[in-house]
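Here is the structure we will look at.
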Amino acid sequence: MSTTALGGDRPRPTIVLVGHGMVGQRFLEALAERGLTATHRVVVLCEEPRPAYDRVQITSYFSGRTADELSLTDMEFIEGHGIELRTGDPAETVDREARTVTARSGLIVGYDVLVLATGSYPFVPPVPNKDAEGCFVYRTIEDLLAIEEYAKSRATTGAVVGGGLLGLEAAGALKGLGLRTHIVEFAPRLMPVQVDEGGGAALLRTIEEMGLAVHTGTGTQEIVTDASGAVTGMKLSDGSELATDMVVFSAGVRPRDQLARAAGLAVGERGGIAVDAQCRTVTDPDVFAIGECAQAVDGR
């Protein structure tokens, strides 16, 4: 096990945090508030190339807010508390018997306590050519940077799959980038979870007045590509076709529990790492899961 001496030969117990999003950063702050960063070695394995940022406000990037302004991470806090933050180096495997985590770089870190804060991932419908050139998801700053670059260099029309809140934000971003923009929503109205039929009708009028084309009550059947494999359109379930140079999937998220599954941790029926009321996994008392990747055993 990787431990660091704390005076004499007394080893410090090690806390490994997998994931450094909004929840992961708040967890680190809670450790510091309780004085645990002084008594424990804390190692953070972060998949993204940048520390935690405000994902809720991510669309504001397109209205001029910079990635640095979205950041939630004070590096003085990280360094001052001796936290070992490794960006761009996600956990790849967990060996619960050996109590180690192996990162993509090959680093192996032993743990006394393991905390999984792996968040969620965008759901992409299993349609043909969903991974074609010109298809994107709308989740991270890197996603936004890629969308922005493609929109400016390769696209004049964009389509967003998903008419929920984040889908509407994505559509607004595409329009702001100068693209003719379509929204495709399988439900009979936009934001079907949040608004009723009357609210949906009012929302539709507002969205259409903004110059966005809305297609409700239909789903994506296939992404159409050209000979080079780049997006040229979409086939919809109502039989119509839509010409578009870019497709952005924003059809909801799923708990990111693959690492936990591979480690033999129990997951919920619909995904999510099964935890108790203290966020301790029901499988292993030394492993916790917090945030969107976790699923309470009572289903909440």
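Residues in the structure tokens are named by chain (A, B, ... in the order shown) and by number from 1 within that chain; ligands are numbered from 1 in the order shown.
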
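Non-sequential neighbours of Leu204 of chain A (distance at most 8 Å, separation of 4 or more positions within a chain, only C-alpha atoms) are Arg189, Leu190, Gly200, Glu208 and Val214 of chain A.
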
Exercise: Ala294 of chain A partners within 7 Å, only C-alpha atoms, chain neighbours under 4 positions left out, as a PyMOL selection string: chain A and resi 272-275+289-290

Limited to all heavy atoms, could you put the picked residues into a file as a short mmCIF file (atom, residue, chain, number, x, y, z; two decimals), in the first residue's frame?
data_model
loop_
_atom_site.label_atom_id
_atom_site.label_comp_id
_atom_site.auth_asym_id
_atom_site.auth_seq_id
_atom_site.Cartn_x
_atom_site.Cartn_y
_atom_site.Cartn_z
N GLY A 272 -26.02 2.60 -11.24
CA GLY A 272 -25.70 3.36 -10.04
C GLY A 272 -25.14 2.45 -8.97
O GLY A 272 -25.67 1.35 -8.74
N ILE A 273 -24.07 2.87 -8.34
CA ILE A 273 -23.40 2.06 -7.32
C ILE A 273 -24.25 2.03 -6.05
O ILE A 273 -24.59 3.08 -5.50
CB ILE A 273 -22.00 2.63 -7.02
CG1 ILE A 273 -21.19 2.79 -8.32
CG2 ILE A 273 -21.25 1.74 -6.04
CD1 ILE A 273 -19.99 3.70 -8.18
N ALA A 274 -24.61 0.85 -5.59
CA ALA A 274 -25.51 0.71 -4.45
C ALA A 274 -24.81 1.13 -3.16
O ALA A 274 -23.76 0.58 -2.80
CB ALA A 274 -26.00 -0.73 -4.34
N VAL A 275 -25.40 2.11 -2.47
CA VAL A 275 -24.82 2.63 -1.22
C VAL A 275 -25.89 2.71 -0.15
O VAL A 275 -27.10 2.71 -0.44
CB VAL A 275 -24.20 4.03 -1.43
CG1 VAL A 275 -23.06 3.98 -2.44
CG2 VAL A 275 -25.26 5.05 -1.87
N ALA A 289 -19.35 5.73 -2.45
CA ALA A 289 -19.71 6.34 -3.74
C ALA A 289 -20.58 7.55 -3.45
O ALA A 289 -21.50 7.48 -2.62
CB ALA A 289 -20.45 5.34 -4.63
N ILE A 290 -20.28 8.66 -4.13
CA ILE A 290 -21.00 9.91 -3.89
C ILE A 290 -21.40 10.55 -5.22
O ILE A 290 -20.76 10.33 -6.24
CB ILE A 290 -20.16 10.90 -3.06
CG1 ILE A 290 -18.82 11.20 -3.74
CG2 ILE A 290 -19.93 10.36 -1.65
CD1 ILE A 290 -17.94 12.21 -3.02
#

Contacts of Gly82 of chain A within 8 Å, only C-alpha atoms, excl. fewer than 2 positions in-chain, as a PyMOL selection string: chain A and resi 37+41-42+78-80+84

Strand (DSSP E or B) call set, DSSP backbone run, segment 21-70 of chain A, as an MDAnalysis selection string: chainID A and resid 41:45 53

Taking C-alpha atoms for each residue, export the selection above as a PDB file, in the first residue's frame.
ATOM      1  CA  ARG A  41      -2.732  11.209   2.439  1.00  0.00           C
ATOM      2  CA  VAL A  42      -5.311  12.245  -0.180  1.00  0.00           C
ATOM      3  CA  VAL A  43      -4.862  11.201  -3.804  1.00  0.00           C
ATOM      4  CA  VAL A  44      -7.276  12.330  -6.534  1.00  0.00           C
ATOM      5  CA  LEU A  45      -7.460  10.621  -9.932  1.00  0.00           C
ATOM      6  CA  TYR A  53     -15.442  23.328 -12.709  1.00  0.00           C
TER       7      TYR A  53
END

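Remark: for Lys130 of chain A, the closest of the candidate residues A:Lys235, A:Arg256, A:Arg154, A:Arg205 is A:Lys235 (distances computed over only C-alpha atoms).
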
10 Å contact set for Arg55 of chain A, only C-alpha atoms, chain neighbours under 6 positions out, as a PyMOL selection string: chain A and resi 21-22+70-72+139-141

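Going from atom CA of Ala202 of chain A to atom CA of Gly217 of chain A covers 16.6 Å.
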